Each structure stands twice: as structure tokens, then as C-alpha cells.
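Structure file entry.cif; described as mmCIF, C-alpha atoms.
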data_final
#
loop_
_atom_site.label_atom_id
_atom_site.label_comp_id
_atom_site.auth_asym_id
_atom_site.auth_seq_id
_atom_site.Cartn_x
_atom_site.Cartn_y
_atom_site.Cartn_z
CA MET A 1 92.91 -35.64 -2.61
CA ASP A 2 90.47 -33.65 -0.49
CA ALA A 3 87.08 -32.67 -1.89
CA VAL A 4 86.71 -29.06 -3.00
CA PRO A 5 85.12 -26.79 -0.35
CA ILE A 6 82.02 -25.84 -2.37
CA PRO A 7 81.32 -28.54 -4.98
CA ASP A 8 77.97 -27.11 -6.09
CA LEU A 9 79.17 -23.53 -6.59
CA VAL A 10 78.36 -23.32 -10.31
CA GLU A 11 74.92 -24.87 -9.91
CA ARG A 12 74.09 -22.37 -7.18
CA VAL A 13 75.18 -19.48 -9.40
CA LYS A 14 73.03 -20.83 -12.25
CA GLN A 15 70.05 -21.28 -9.94
CA ALA A 16 70.41 -17.75 -8.58
CA LYS A 17 70.19 -16.37 -12.12
CA ALA A 18 67.30 -18.65 -13.05
CA ASN A 19 65.34 -17.57 -9.95
CA ARG A 20 65.18 -14.03 -11.32
CA TRP A 21 63.14 -15.09 -14.32
CA ARG A 22 59.46 -14.20 -14.49
CA ALA A 23 56.97 -14.43 -17.34
CA TYR A 24 54.92 -11.26 -17.80
CA PRO A 25 51.80 -10.52 -19.85
CA VAL A 26 52.52 -9.42 -23.40
CA LYS A 27 49.96 -6.79 -24.39
CA SER A 28 51.51 -5.57 -27.63
CA ASN A 29 53.52 -6.71 -30.63
CA ARG A 30 57.13 -6.19 -29.66
CA ALA A 31 59.38 -4.76 -32.34
CA SER A 32 62.08 -7.20 -31.25
CA GLN A 33 59.78 -10.16 -32.00
CA LEU A 34 57.86 -9.23 -35.16
CA GLY A 35 60.62 -10.45 -37.45
CA HIS A 36 60.26 -13.99 -36.12
CA PRO A 37 59.17 -16.31 -38.95
CA CYS A 38 56.42 -18.10 -36.99
CA LEU A 39 53.10 -16.24 -36.72
CA ARG A 40 51.76 -18.87 -34.32
CA ARG A 41 54.56 -18.13 -31.82
CA LEU A 42 53.75 -14.40 -31.93
CA VAL A 43 50.14 -15.17 -31.05
CA TYR A 44 51.23 -17.59 -28.33
CA LEU A 45 53.24 -14.75 -26.75
CA ARG A 46 50.13 -12.60 -26.56
CA LEU A 47 47.55 -15.21 -25.56
CA HIS A 48 49.53 -17.80 -23.58
CA TRP A 49 52.54 -15.89 -22.27
CA ASP A 50 52.16 -17.69 -18.91
CA LYS A 51 52.72 -21.11 -20.50
CA GLN A 52 56.14 -20.42 -22.03
CA LEU A 53 59.12 -22.49 -20.97
CA PRO A 54 61.82 -20.62 -19.05
CA PRO A 55 65.19 -20.15 -20.77
CA SER A 56 67.91 -22.66 -19.95
CA PRO A 57 70.15 -21.64 -17.00
CA GLU A 58 73.01 -21.01 -19.43
CA MET A 59 70.92 -18.48 -21.38
CA PHE A 60 70.72 -16.16 -18.37
CA PHE A 61 74.49 -15.69 -18.63
CA VAL A 62 74.02 -14.82 -22.31
CA PHE A 63 71.33 -12.25 -21.44
CA ASP A 64 73.51 -10.61 -18.79
CA ALA A 65 76.47 -10.58 -21.17
CA GLY A 66 74.28 -8.77 -23.72
CA LYS A 67 73.56 -5.98 -21.23
CA THR A 68 77.27 -5.70 -20.43
CA ILE A 69 78.16 -5.49 -24.12
CA GLU A 70 75.54 -2.77 -24.68
CA ASN A 71 77.14 -0.64 -21.96
CA GLU A 72 80.55 -1.38 -23.44
CA ALA A 73 79.35 -0.23 -26.87
CA ILE A 74 78.04 3.05 -25.45
CA GLU A 75 81.31 3.76 -23.67
CA GLU A 76 83.48 3.04 -26.71
CA LEU A 77 81.30 5.18 -28.98
CA ARG A 78 81.45 8.06 -26.51
CA ALA A 79 85.21 7.67 -26.25
CA ALA A 80 85.37 7.95 -30.06
CA GLY A 81 83.61 11.33 -29.89
CA PHE A 82 80.04 10.32 -30.74
CA GLU A 83 77.06 11.71 -28.85
CA ILE A 84 74.73 9.10 -27.32
CA LEU A 85 71.12 10.25 -27.03
CA GLU A 86 67.68 8.89 -26.13
CA GLN A 87 68.82 5.76 -24.32
CA GLN A 88 66.11 3.12 -23.89
CA VAL A 89 63.41 5.47 -25.16
CA ALA A 90 59.96 3.85 -25.44
CA LEU A 91 58.44 3.82 -28.95
CA GLU A 92 54.97 2.89 -30.17
CA ILE A 93 52.85 2.55 -33.30
CA LYS A 94 49.33 2.60 -31.84
CA ARG A 95 47.59 1.69 -35.09
CA TYR A 96 49.25 -1.74 -35.12
CA ASN A 97 49.87 -2.06 -31.39
CA ILE A 98 53.64 -2.26 -31.92
CA THR A 99 55.97 -1.21 -29.11
CA GLY A 100 59.69 -1.23 -28.48
CA HIS A 101 62.61 0.26 -26.60
CA LEU A 102 65.40 1.73 -28.70
CA ASP A 103 68.89 1.22 -27.28
CA PHE A 104 69.93 4.75 -28.22
CA THR A 105 70.45 7.20 -31.05
CA ILE A 106 73.93 8.27 -32.14
CA SER A 107 75.06 11.62 -33.54
CA ASP A 108 78.36 12.77 -35.01
CA ASP A 109 77.49 16.40 -35.66
CA GLY A 110 74.72 17.23 -33.18
CA ARG A 111 72.13 17.55 -35.97
CA HIS A 112 71.70 14.12 -37.54
CA ARG A 113 70.57 11.32 -35.23
CA TYR A 114 70.65 7.66 -36.16
CA PRO A 115 68.69 4.95 -34.28
CA CYS A 116 71.10 2.30 -33.07
CA ASP A 117 70.55 -1.16 -31.63
CA VAL A 118 73.41 -3.18 -30.14
CA LYS A 119 73.61 -6.92 -30.76
CA SER A 120 76.23 -9.37 -29.48
CA MET A 121 76.89 -12.24 -31.85
CA HIS A 122 78.72 -15.56 -31.92
CA PRO A 123 82.03 -15.22 -33.83
CA HIS A 124 80.82 -17.57 -36.56
CA HIS A 125 77.75 -15.42 -37.22
CA ALA A 126 79.54 -12.10 -36.69
CA GLU A 127 81.88 -12.87 -39.59
CA LYS A 128 79.10 -13.94 -41.95
CA MET A 129 76.43 -11.34 -41.22
CA GLN A 130 77.42 -8.35 -43.37
CA THR A 131 74.03 -7.05 -44.54
CA LEU A 132 70.35 -7.08 -43.60
CA ASP A 133 69.78 -9.71 -46.28
CA ASP A 134 72.33 -11.96 -44.58
CA LEU A 135 70.34 -11.70 -41.35
CA VAL A 136 66.95 -12.22 -43.02
CA ASN A 137 68.23 -15.29 -44.88
CA SER A 138 70.25 -16.72 -41.96
CA GLY A 139 67.63 -19.31 -41.02
CA LYS A 140 68.23 -18.44 -37.36
CA PRO A 141 65.04 -16.97 -35.83
CA TRP A 142 66.89 -14.66 -33.43
CA LEU A 143 69.05 -13.24 -36.25
CA MET A 144 66.04 -12.93 -38.54
CA SER A 145 64.39 -10.66 -35.96
CA TYR A 146 67.13 -8.02 -35.98
CA PRO A 147 66.30 -6.32 -39.33
CA ALA A 148 62.62 -5.94 -38.40
CA GLN A 149 63.54 -4.41 -35.06
CA ILE A 150 65.88 -1.71 -36.37
CA LEU A 151 63.63 -0.88 -39.35
CA LEU A 152 60.60 -0.45 -37.08
CA TYR A 153 62.63 1.84 -34.82
CA MET A 154 63.73 3.84 -37.85
CA HIS A 155 60.11 4.14 -38.99
CA MET A 156 59.03 5.31 -35.54
CA LYS A 157 61.84 7.87 -35.41
CA LYS A 158 61.27 8.93 -39.05
CA SER A 159 64.94 8.22 -39.79
CA ARG A 160 66.36 7.52 -43.21
CA TRP A 161 69.40 5.73 -41.75
CA GLY A 162 69.93 3.49 -38.74
CA MET A 163 72.54 1.07 -37.47
CA LEU A 164 72.90 -2.38 -35.99
CA TYR A 165 76.05 -2.23 -33.87
CA ILE A 166 77.22 -5.85 -33.93
CA LYS A 167 79.76 -6.98 -31.31
CA ASN A 168 81.73 -10.19 -31.71
CA LYS A 169 81.25 -12.13 -28.45
CA ALA A 170 84.78 -13.51 -28.56
CA THR A 171 86.82 -10.46 -29.56
CA HIS A 172 84.29 -7.69 -28.75
CA VAL A 173 85.41 -6.00 -31.98
CA PRO A 174 82.46 -3.98 -33.38
CA HIS A 175 81.00 -4.55 -36.82
CA PRO A 176 78.30 -2.00 -37.71
CA ILE A 177 75.62 -2.75 -40.28
CA TRP A 178 74.24 0.52 -41.63
CA VAL A 179 70.60 0.32 -42.68
CA GLN A 180 68.89 2.59 -45.18
CA MET A 181 65.15 3.09 -45.36
CA ASP A 182 64.98 2.52 -49.11
CA ASP A 183 62.01 1.19 -51.10
CA THR A 184 62.84 -2.43 -50.24
CA ALA A 185 63.01 -1.59 -46.54
CA LYS A 186 59.72 0.34 -46.70
CA GLN A 187 58.04 -2.66 -48.31
CA TYR A 188 59.36 -4.93 -45.55
CA VAL A 189 58.01 -2.54 -42.90
CA LYS A 190 54.58 -2.72 -44.59
CA GLU A 191 54.75 -6.51 -44.40
CA LEU A 192 55.53 -6.24 -40.69
CA PHE A 193 52.46 -4.04 -40.24
CA GLU A 194 50.35 -6.71 -41.97
CA LYS A 195 51.83 -9.36 -39.69
CA ALA A 196 50.98 -7.26 -36.64
CA LYS A 197 47.39 -6.88 -37.92
CA GLN A 198 47.13 -10.67 -38.25
CA VAL A 199 48.41 -11.19 -34.72
CA ASN A 200 45.95 -8.62 -33.36
CA SER A 201 43.10 -10.33 -35.19
CA TYR A 202 43.94 -13.75 -33.75
CA VAL A 203 44.30 -12.27 -30.28
CA ARG A 204 40.88 -10.57 -30.47
CA ARG A 205 39.30 -13.88 -31.49
CA ARG A 206 41.46 -15.81 -29.01
CA LYS A 207 42.42 -18.19 -31.80
CA LEU A 208 45.75 -19.64 -32.90
CA PRO A 209 46.95 -19.70 -36.52
CA ASP A 210 47.91 -23.03 -38.04
CA PRO A 211 51.39 -24.27 -37.10
CA ILE A 212 54.22 -23.89 -39.58
CA GLU A 213 55.82 -26.90 -41.22
CA PRO A 214 58.06 -28.43 -38.49
CA ASN A 215 61.45 -26.77 -38.64
CA ASP A 216 64.23 -27.73 -36.21
CA ALA A 217 65.94 -24.35 -36.43
CA ILE A 218 62.71 -22.57 -35.45
CA CYS A 219 60.66 -25.06 -33.42
CA GLY A 220 63.66 -26.41 -31.53
CA TYR A 221 64.29 -23.03 -29.88
CA CYS A 222 60.65 -22.05 -29.33
CA GLU A 223 59.50 -21.51 -25.75
CA PHE A 224 56.07 -22.93 -26.68
CA ARG A 225 57.29 -26.15 -28.30
CA HIS A 226 55.91 -28.23 -25.42
CA ILE A 227 52.31 -27.22 -26.23
CA CYS A 228 52.59 -26.51 -29.95
CA LEU A 229 54.36 -29.59 -31.27
CA PRO A 230 52.35 -32.81 -31.80
CA ASP A 231 51.68 -34.53 -28.49
CA THR A 232 52.15 -38.04 -29.86
CA GLU A 233 54.99 -40.06 -28.41
CA PHE A 234 56.11 -41.51 -31.75
CA GLY A 235 55.72 -40.55 -35.39
CA LYS A 236 53.04 -41.89 -37.69
CA GLY A 237 53.65 -45.44 -38.82
CA VAL A 238 56.18 -46.22 -36.09
CA ASP A 239 55.71 -49.55 -34.33
CA LEU A 240 58.11 -50.03 -31.42
CA GLU A 241 57.87 -52.86 -28.93
CA ILE A 242 59.25 -50.73 -26.11
CA ASP A 243 57.62 -48.97 -23.19
CA ILE A 244 57.76 -45.18 -22.90
CA GLU A 245 60.02 -45.18 -19.84
CA SER A 246 62.62 -47.28 -21.65
CA ALA A 247 62.32 -45.11 -24.75
CA VAL A 248 62.94 -41.94 -22.74
CA ALA A 249 65.96 -43.54 -21.05
CA LEU A 250 67.30 -44.54 -24.47
CA VAL A 251 66.98 -41.00 -25.83
CA GLU A 252 68.60 -39.47 -22.74
CA ARG A 253 71.52 -41.89 -22.97
CA TYR A 254 71.95 -41.03 -26.65
CA LEU A 255 72.16 -37.32 -25.79
CA GLU A 256 74.73 -38.02 -23.06
CA LEU A 257 76.95 -39.96 -25.47
CA LYS A 258 76.52 -37.29 -28.14
CA GLU A 259 77.96 -34.70 -25.75
CA LEU A 260 80.88 -37.00 -24.96
CA VAL A 261 81.65 -37.37 -28.66
CA LYS A 262 81.64 -33.58 -29.01
CA GLU A 263 83.92 -33.26 -25.99
CA MET A 264 86.28 -35.88 -27.40
CA SER A 265 86.48 -34.03 -30.73
CA GLU A 266 87.33 -30.75 -28.99
CA ALA A 267 89.97 -32.48 -26.83
CA ARG A 268 91.54 -34.05 -29.93
CA LYS A 269 91.88 -30.64 -31.58
CA ALA A 270 93.55 -29.28 -28.44
CA VAL A 271 96.01 -32.20 -28.35
CA GLU A 272 96.81 -31.71 -32.04
CA GLN A 273 97.66 -28.09 -31.29
CA LEU A 274 100.19 -29.33 -28.73
CA LEU A 275 101.89 -31.33 -31.46
CA GLY A 276 102.01 -28.54 -33.99
CA ASP A 277 104.21 -29.67 -36.90
CA ARG A 278 106.11 -32.20 -34.80
CA GLU A 279 105.64 -35.94 -35.23
CA ARG A 280 106.21 -36.91 -31.61
CA ILE A 281 106.17 -35.22 -28.20
CA ARG A 282 106.17 -36.37 -24.60
CA VAL A 283 103.51 -35.04 -22.22
CA GLY A 284 104.08 -36.32 -18.70
CA ASP A 285 103.78 -40.09 -18.86
CA TYR A 286 102.39 -40.05 -22.40
CA ILE A 287 104.01 -40.15 -25.84
CA ILE A 288 101.91 -38.51 -28.54
CA GLU A 289 102.64 -39.40 -32.15
CA MET A 290 101.15 -37.99 -35.30
CA LYS A 291 101.43 -40.01 -38.51
CA ARG A 292 100.49 -38.36 -41.76
CA TYR A 293 99.45 -40.09 -44.96
CA ARG A 294 97.69 -39.21 -48.19
CA ARG A 295 94.12 -40.32 -48.68
CA LYS A 296 92.94 -41.45 -52.08
CA ALA A 297 90.03 -39.60 -53.56
CA TYR A 298 86.81 -41.50 -54.10
CA THR A 299 83.23 -40.82 -55.04
CA VAL A 300 80.47 -41.43 -52.54
CA PRO A 301 77.71 -43.48 -54.20
CA GLU A 302 74.30 -41.90 -54.46
CA GLY A 303 71.84 -42.96 -51.77
CA GLU A 304 69.54 -41.86 -49.00
CA VAL A 305 71.05 -39.79 -46.18
CA LYS A 306 69.33 -39.66 -42.82
CA ARG A 307 69.78 -36.87 -40.29
CA MET A 308 68.26 -37.10 -36.84
CA LYS A 309 67.70 -34.30 -34.37
CA ILE A 310 66.11 -34.57 -30.94
CA ILE A 311 64.12 -31.54 -29.75
CA PRO A 312 63.68 -31.30 -25.96
CA LEU A 313 60.16 -30.30 -24.85
CA LYS A 314 61.16 -29.17 -21.36
#

Could you spell out this file's structure in C-alpha cells?
Amino acid sequence: MDAVPIPDLVERVKQAKANRWRAYPVKSNRASQLGHPCLRRLVYLRLHWDKQLPPSPEMFFVFDAGKTIENEAIEELRAAGFEILEQQVALEIKRYNITGHLDFTISDDGRHRYPCDVKSMHPHHAEKMQTLDDLVNSGKPWLMSYPAQILLYMHMKKSRWGMLYIKNKATHVPHPIWVQMDDTAKQYVKELFEKAKQVNSYVRRRKLPDPIEPNDAICGYCEFRHICLPDTEFGKGVDLEIDIESAVALVERYLELKELVKEMSEARKAVEQLLGDRERIRVGDYIIEMKRYRRKAYTVPEGEVKRMKIIPLK
């Protein structure tokens, strides 16, 4: 079989997207970031913006898809008879040096305007995230940032109501979360102001706050993990008779095999779908059989459970 004409096509597309990325100075507290649970990261963004790691090549596709979905949301809302106003308007709270860009405001009667921010979301999260509390308690730093962003926009626009217009990435079906500026929301906005004051104070003194307790869900996605996380090669108390080069090779091989296991699991599910309720089918030169049996229930004895996660620093 002849080789394909352009074997590196995908890599070239990825590289073209990655080449567009630039890190720019961050001179204010962005409304889209203030809800992040790590104060140290917020200060890093202001003081050491030029040291952040670039997003993975795959993330650039996610970013572009987000812009496409925002335009899609605007068009479908207009088609439904809503008025779209103040697109990408710049907002600011000078006292706390907070800035942001509101996606748009929406009106149904020409008089009442509601700040609206569009978010695309993985199907798993889109189904679970029904309220602001769900987002705040999600444990995912990017989801935890959404409530702060819309509430700050609502404060800046002096609006009692606002909306997060959630779009399922798989189906593109919208799921709005209406947000009210009640007493609980007002208290949260005050806490965001205090956080902004802390960031501003650290920036003026050119100091960093203490790091948070290591958290895979937060630290693993942080663009400053390569300079914030401990720079030791191994944990305290570890004694390994192995050189660093061999250790790195071992970790990289583990990650390769982990991906293969994931791929195998996905392929198995696809093959099982081919079978459906049948016990045997022929696929080309292969016979696929499915045998079913009942498993006896048993109790897992109590004991220590270990869970390992490897966080890449580059």
C-alpha cells in the first residue's frame, strides 16, 4: 500500500495553531480568573506572565471551538426573537483593578437587559452543572471560575439577573443557568473583591503567597506548575537506586502504556456495540463471541488504597 501523500498533515495543523499563541502582560485582575481557587496562580499571572507554559496543541482547537459556539449562541438567540446588545463590551472596577469583557447582554422586551456569558461544556459536565453551587463545588478550576465571572459582570452592569448560556459540546443543545444577585451572591462578590485586594497587595510588594496544598485537579492544569511545584526529583524519604534519565524513561513508558489501555477499553466498548444482544457474529475473518455469566457478590476487605497520578511539568 502506498504511503499517504501528506503524512504530517495533522501535526502541521496543530503547529499552525500553536504558533499563534503569545503571552501578554497581565495588568489587572481578570473577571474570568478571579474565581480560580489558587491565590498564588493569580499573582503569578500578574508578576510572571512571561513564564507561563503554553497550552497544549489540542487546547487551541478547544479555544477556537469556544469562539464558534459563542457565535452560534448569538445566532440562535436572535433567531428566537431575542435582542443581542453590548457585544464584547469592556468593563472595569477601578477600585479593585478588576477588568473583563462581557460576551453580550440579552433583552426580550427592549427594556430589561441581562448580562450573558456563553460557555461550552463537556457533555458529562453539562448534564451535572445545573446551578452556580454545582459549578463552585465542581472541583474543576475552570468551572469554578464561571460563577465569579458572571456575578462580577452583573455587579458592573448593576443587574439583578444574569445568565450563563451553557452549550453541550457534543449536542450543542443550550442549557441556561439563570443567576440572581441575591444576598448570597452579593457576599460572594465581596469575597472576590477581598481576593483582588490581596492579589494587588502581593503584586505591589512583588511577593508570592504561599502555595496551596498540592491538588492534582488544580496544580495539574496550572500553567505555572513548572516553577511553582517542588523542584525535587523524588518525594521525601524516597531512596531509588536509579539514575534520573532511566527514571524519566520509565515514567514516559508508563504514560504510553496507560494511553494504550484507555484505547483498548474504548475499542472493546465499540466491539460490544457491534454484538448488541447477539452471542456471536462474524466480522470479516473474525468470529466474535460474547458469553454471559452471573458474578457472585463479595465484600472487599478493608485496606489501604493507593492512587497515583503523574503531573507533566512541560

Legend entry - Option closest in space to Met121 in chain A, from A:Glu304, A:Glu70, A:Glu263, A:Glu92 [counting all atoms listed in the file]: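 Result for the nearest residue to Met121 in chain A: A:Glu70.
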
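The environment of Asp117 in chain A within 10 Å, counting all atoms listed in the file and disregarding residues fewer than 5 places along the same chain, consists of Glu70, Gln88, His101, Leu102, Asp103, Phe104, Thr105, Tyr146, Gln149, Ile150, Tyr153, Gly162, Met163, Leu164, Tyr165, Ile166 and Pro176 of chain A.
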
Legend entry - Among listed residues A:Arg278, A:His112, A:His122, A:His48, nearest Arg206 in chain A (using only C-alpha atoms):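 That would be A:His48, the residue with the smallest distance to Arg206 in chain A.
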
Inset, instruction - List the residues selected by the PyMOL selection byres ((chain A and resi 198-200) around 9) in the file shown, writing them as a PyMOL selection string. - result: chain A and resi 28-29+39-40+42-43+46+96-97+193-197+201-205+209

Inset, instruction - Between CA of Leu53 in chain A and CA of Lys207 in chain A, measure the distance and give it in Å to one decimal. - result: 20.4 Å

Legend entry - Gap from CA of Glu72 in chain A to CA of Leu152 in chain A - Å, one decimal: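 Straight-line distance from CA of Glu72 in chain A to CA of Leu152 in chain A works out to 24.2 Å.
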
Identify, on the basis of all atoms listed in the file, every residue whose closest approach to Arg292 in chain A does not exceed 12 Å; exclude the query and any residue fewer than 5 positions from it along the same chain; express the result as a short mmCIF file (atom, residue, chain, number, x, y, z; two decimals) with C-alpha atoms, in the frame of the given file.
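The new file result-v6.cif reads:
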data_model
loop_
_atom_site.label_atom_id
_atom_site.label_comp_id
_atom_site.auth_asym_id
_atom_site.auth_seq_id
_atom_site.Cartn_x
_atom_site.Cartn_y
_atom_site.Cartn_z
CA ASP A 277 104.21 -29.67 -36.90
CA ARG A 278 106.11 -32.20 -34.80
CA GLU A 279 105.64 -35.94 -35.23
CA ARG A 280 106.21 -36.91 -31.61
#

Inset, instruction - For the structure provided, state which residues fall under the PyMOL selection byres ((chain A and resi 228) around 9), and present them as a list in words. - result: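 Written out, the selection comes to Arg40, Arg41, Pro211, Cys219, Phe224, Arg225, His226, Ile227, Leu229, Pro230 and Asp231 of chain A.
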
Inset, instruction - Provide the CA of Asp182 in chain A to CA of Lys119 in chain A distance in Å, to one decimal place. - result: 22.4 Å

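Here the PyMOL selection byres ((chain A and resi 74-78) around 10) captures the residues Ile69, Glu70, Asn71, Glu72, Ala73, Ala79, Ala80, Gly81, Phe82, Glu83, Ile84, Gln87, Asp103, Phe104, Ile106, Val118 and Pro174 of chain A.
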
Could the residues in this selection be saved with C-alpha atoms as a short mmCIF file (atom, residue, chain, number, x, y, z; two decimals), in the coordinates of the input?
data_model
loop_
_atom_site.label_atom_id
_atom_site.label_comp_id
_atom_site.auth_asym_id
_atom_site.auth_seq_id
_atom_site.Cartn_x
_atom_site.Cartn_y
_atom_site.Cartn_z
CA ILE A 69 78.16 -5.49 -24.12
CA GLU A 70 75.54 -2.77 -24.68
CA ASN A 71 77.14 -0.64 -21.96
CA GLU A 72 80.55 -1.38 -23.44
CA ALA A 73 79.35 -0.23 -26.87
CA ALA A 79 85.21 7.67 -26.25
CA ALA A 80 85.37 7.95 -30.06
CA GLY A 81 83.61 11.33 -29.89
CA PHE A 82 80.04 10.32 -30.74
CA GLU A 83 77.06 11.71 -28.85
CA ILE A 84 74.73 9.10 -27.32
CA GLN A 87 68.82 5.76 -24.32
CA ASP A 103 68.89 1.22 -27.28
CA PHE A 104 69.93 4.75 -28.22
CA ILE A 106 73.93 8.27 -32.14
CA VAL A 118 73.41 -3.18 -30.14
CA PRO A 174 82.46 -3.98 -33.38
#

Inset, instruction - Find the spatial neighbours of Ile281 in chain A, counting only C-alpha atoms, within a cut-off of 12 Å - ignore same-chain residues fewer than 6 positions away - and output them as an MDAnalysis selection string. - result: chainID A and resid 271:275 287:290

Legend entry - Distance criterion (only C-alpha atoms): nearest to Val62 in chain A out of A:Arg95, A:His36, A:Arg113, A:Lys14: A:Lys14

Legend entry - Pick from A:Ser32, A:Lys27, A:Asp2, A:Lys128, whichever lies nearest to Trp142 in chain A using all atoms listed in the file: A:Ser32

Inset, instruction - Name the closest residue to Leu192 in chain A among the candidates A:Met59, A:Leu132, A:Ala170, A:Ile98; distances are taken between atoms, counting only C-alpha atoms. - result: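 Distance minimum relative to Leu192 in chain A lands on A:Ile98.
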
Reconstruct N, CA and C atoms of range 140-153 of chain A from the incomplete input and present them as a PDB file, in the frame of the given file.
ATOM      1  N   LYS A 140      68.223 -18.464 -38.819  1.00  0.00           N
ATOM      2  CA  LYS A 140      68.230 -18.440 -37.360  1.00  0.00           C
ATOM      3  C   LYS A 140      67.180 -17.436 -36.884  1.00  0.00           C
ATOM      4  N   PRO A 141      66.150 -17.879 -36.170  1.00  0.00           N
ATOM      5  CA  PRO A 141      65.040 -16.970 -35.830  1.00  0.00           C
ATOM      6  C   PRO A 141      65.461 -15.727 -35.065  1.00  0.00           C
ATOM      7  N   TRP A 142      66.490 -15.839 -34.188  1.00  0.00           N
ATOM      8  CA  TRP A 142      66.890 -14.660 -33.430  1.00  0.00           C
ATOM      9  C   TRP A 142      67.610 -13.649 -34.336  1.00  0.00           C
ATOM     10  N   LEU A 143      68.382 -14.139 -35.312  1.00  0.00           N
ATOM     11  CA  LEU A 143      69.050 -13.240 -36.250  1.00  0.00           C
ATOM     12  C   LEU A 143      68.046 -12.624 -37.227  1.00  0.00           C
ATOM     13  N   MET A 144      67.047 -13.402 -37.607  1.00  0.00           N
ATOM     14  CA  MET A 144      66.040 -12.930 -38.540  1.00  0.00           C
ATOM     15  C   MET A 144      65.196 -11.800 -37.947  1.00  0.00           C
ATOM     16  N   SER A 145      65.184 -11.689 -36.626  1.00  0.00           N
ATOM     17  CA  SER A 145      64.390 -10.660 -35.960  1.00  0.00           C
ATOM     18  C   SER A 145      65.080  -9.302 -35.942  1.00  0.00           C
ATOM     19  N   TYR A 146      66.393  -9.274 -36.107  1.00  0.00           N
ATOM     20  CA  TYR A 146      67.130  -8.020 -35.980  1.00  0.00           C
ATOM     21  C   TYR A 146      66.749  -6.973 -37.030  1.00  0.00           C
ATOM     22  N   PRO A 147      66.654  -7.335 -38.332  1.00  0.00           N
ATOM     23  CA  PRO A 147      66.300  -6.320 -39.330  1.00  0.00           C
ATOM     24  C   PRO A 147      64.942  -5.676 -39.053  1.00  0.00           C
ATOM     25  N   ALA A 148      63.955  -6.483 -38.684  1.00  0.00           N
ATOM     26  CA  ALA A 148      62.620  -5.940 -38.400  1.00  0.00           C
ATOM     27  C   ALA A 148      62.689  -4.945 -37.253  1.00  0.00           C
ATOM     28  N   GLN A 149      63.451  -5.268 -36.234  1.00  0.00           N
ATOM     29  CA  GLN A 149      63.540  -4.410 -35.060  1.00  0.00           C
ATOM     30  C   GLN A 149      64.114  -3.035 -35.401  1.00  0.00           C
ATOM     31  N   ILE A 150      65.261  -3.005 -36.071  1.00  0.00           N
ATOM     32  CA  ILE A 150      65.880  -1.710 -36.370  1.00  0.00           C
ATOM     33  C   ILE A 150      65.054  -0.919 -37.379  1.00  0.00           C
ATOM     34  N   LEU A 151      64.442  -1.592 -38.358  1.00  0.00           N
ATOM     35  CA  LEU A 151      63.630  -0.880 -39.350  1.00  0.00           C
ATOM     36  C   LEU A 151      62.380  -0.289 -38.721  1.00  0.00           C
ATOM     37  N   LEU A 152      61.771  -1.004 -37.774  1.00  0.00           N
ATOM     38  CA  LEU A 152      60.600  -0.450 -37.080  1.00  0.00           C
ATOM     39  C   LEU A 152      61.001   0.755 -36.235  1.00  0.00           C
ATOM     40  N   TYR A 153      62.149   0.680 -35.584  1.00  0.00           N
ATOM     41  CA  TYR A 153      62.630   1.840 -34.820  1.00  0.00           C
ATOM     42  C   TYR A 153      62.881   3.021 -35.742  1.00  0.00           C
TER      43      TYR A 153
END
